[in-house]
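Asker: Structure below; questions to follow.
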Amino acid sequence: MDRSQKTDSVAQLNAVFNEAGVVVVTRNLGLSVAQSTELRSKMREAGASYKVAKNRLAKLALKDTDYAGIDEYLSGPTALAYSEDPVAAAKVAVDFAKGNDRLEIVGGAMGATVLDEAGIKALASMPSLDELRGTIVGLVNAPATKVVRTIKEPVSMLARVFGAYGAKEAA
């Protein structure tokens with residue numbers, strides 16, 4: 001890499017750190033190309049990204065961002081998983097690491113809060129933003145459904161009674 005490419009790389013990483021909801025630092029212990037491609041596609045499906053970055057450039061990009069505390073995790077063969085959704089990147093990285101011993105979760109951060117490996121795993125066990133939205137919509141709709149059912153129920157009971165009398169007289 002020449003100097004201009006390094007400057008561009010630092011600028012791109014800095015933009016990522018300024019926009020991300022969560023950053024997960026992983027240690028790559030020899031993932032094959034196929035495994036790395038599979039991980040990247042799973043990340044894309046979840047709305048997250050996975051990037052291998054030079055540690056020195058990543059540390060430069062971390063300056064003046066909320067994620068400055070994760071520079072201690074950037075040593076050795078590391079890669080960064082990040083997403084705007086505070087759970088997506090952590091969830092995919094932890095799930096992939098469970099099935100593959102060549103990917104290790106080192107730590108990460110959610111905003112200014114630095115998380116260790118256990119913190120990232122706890123974050124991954126939380127429901128995603130879309131799941132939480134679905135739960136809230138369900139909770140909001142539940143009372144309306146109950147009101148409609150309560151109003152509708154006496155009418156349907158009367159209809160069943162009249163139907164039973166009609167069937168009794170016809171027999």
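In the structure tokens, the first chain shown is A, the next is B, and so on; residue numbers restart at 1 for each chain, and ligands run from 1 in the order shown.
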Using only C-alpha atoms, which residues of segment 35-90 of chain A come within 10 Å of segment 114-133 of chain A, and what is the closest atom pair for each, with the distance in Å to one decimal? Give it as a Markdown table, sorted by chain and residue number.
Answerer:
```
| residue | atom | partner | partner_atom | distance |
| --- | --- | --- | --- | --- |
| A:Ala46 | CA | A:Ser128 | CA | 9.7 |
| A:Asp66 | CA | A:Val114 | CA | 9.4 |
| A:Tyr67 | CA | A:Val114 | CA | 7.6 |
| A:Ala68 | CA | A:Val114 | CA | 9.0 |
| A:Gly69 | CA | A:Val114 | CA | 6.1 |
| A:Ile70 | CA | A:Val114 | CA | 6.5 |
| A:Tyr73 | CA | A:Asp116 | CA | 9.2 |
| A:Asp85 | CA | A:Leu129 | CA | 6.6 |
| A:Pro86 | CA | A:Ser128 | CA | 7.8 |
| A:Val87 | CA | A:Ser128 | CA | 5.6 |
| A:Ala88 | CA | A:Ser128 | CA | 6.5 |
| A:Ala89 | CA | A:Ala124 | CA | 8.2 |
| A:Ala90 | CA | A:Ala124 | CA | 5.0 |
```
Asker: Just the alpha helix (DSSP H) stuff from chain A, please, per backbone DSSP, written as a PyMOL selection string.
Answerer: chain A and resi 3-19+33-45+55-62+88-99+117-124+129-170
Asker: Pull the closest atom pair for each residue of segment 71-135 of chain A that gets at most 6 Å from segment 11-29 of chain A, along with the distance in Å to one decimal, counting only C-alpha atoms, ordering rows by chain and then ascending residue number, as a tab-separated table.
Answerer:
```
residue	atom	partner	partner_atom	distance
A:Pro77	CA	A:Asn28	CA	5.6
A:Thr78	CA	A:Arg27	CA	4.4
A:Ala79	CA	A:Thr26	CA	5.3
A:Leu80	CA	A:Val25	CA	4.9
A:Ala81	CA	A:Val24	CA	5.0
A:Tyr82	CA	A:Val23	CA	4.4
A:Ser83	CA	A:Ala20	CA	5.3
A:Glu84	CA	A:Gly21	CA	4.3
A:Asp85	CA	A:Gly21	CA	5.6
A:Pro86	CA	A:Gly21	CA	4.8
A:Arg102	CA	A:Leu29	CA	4.7
A:Leu103	CA	A:Asn28	CA	5.1
A:Glu104	CA	A:Arg27	CA	5.0
A:Ile105	CA	A:Thr26	CA	4.6
A:Val106	CA	A:Thr26	CA	5.2
A:Gly107	CA	A:Val25	CA	5.3
A:Gly108	CA	A:Val24	CA	4.3
A:Ala109	CA	A:Val23	CA	5.4
A:Met110	CA	A:Val22	CA	4.4
```
Asker: As a CSV table (one decimal) with C-alpha atoms, in the first residue's frame, please: the residues near Ser36 of chain A (cut-off 12 Å, only C-alpha atoms, same-chain neighbours under 4 positions excluded).
Answerer:
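result_7.csv written:
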```
chain,number,residue,atom,x,y,z
A,28,ASN,CA,-8.7,-14.8,12.4
A,29,LEU,CA,-6.9,-18.1,13.1
A,30,GLY,CA,-6.6,-19.3,9.5
A,31,LEU,CA,-10.0,-19.1,8.0
A,32,SER,CA,-10.1,-20.5,4.5
A,40,ARG,CA,-19.1,-12.1,4.9
A,41,SER,CA,-22.3,-13.3,3.1
A,42,LYS,CA,-23.9,-14.0,6.5
A,43,MET,CA,-22.9,-10.6,7.7
A,49,SER,CA,-20.0,-6.0,7.4
A,50,TYR,CA,-16.8,-7.8,8.1
A,51,LYS,CA,-13.4,-6.3,7.2
A,52,VAL,CA,-9.8,-7.3,7.7
A,79,ALA,CA,-10.7,-8.4,11.7
A,93,ALA,CA,-19.9,-13.3,14.6
A,96,PHE,CA,-20.2,-18.3,13.2
A,97,ALA,CA,-17.5,-18.7,15.9
A,100,ASN,CA,-15.9,-22.7,13.5
A,102,ARG,CA,-10.7,-20.7,13.5
A,103,LEU,CA,-12.6,-17.5,14.4
```
Asker: Which value, in Å to one decimal, gives the distance between atom CA of Gln5 of chain A and atom CA of Asp64 of chain A?
Answerer: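 Spanning atom CA of Gln5 of chain A to atom CA of Asp64 of chain A is a straight-line distance of 20.8 Å.
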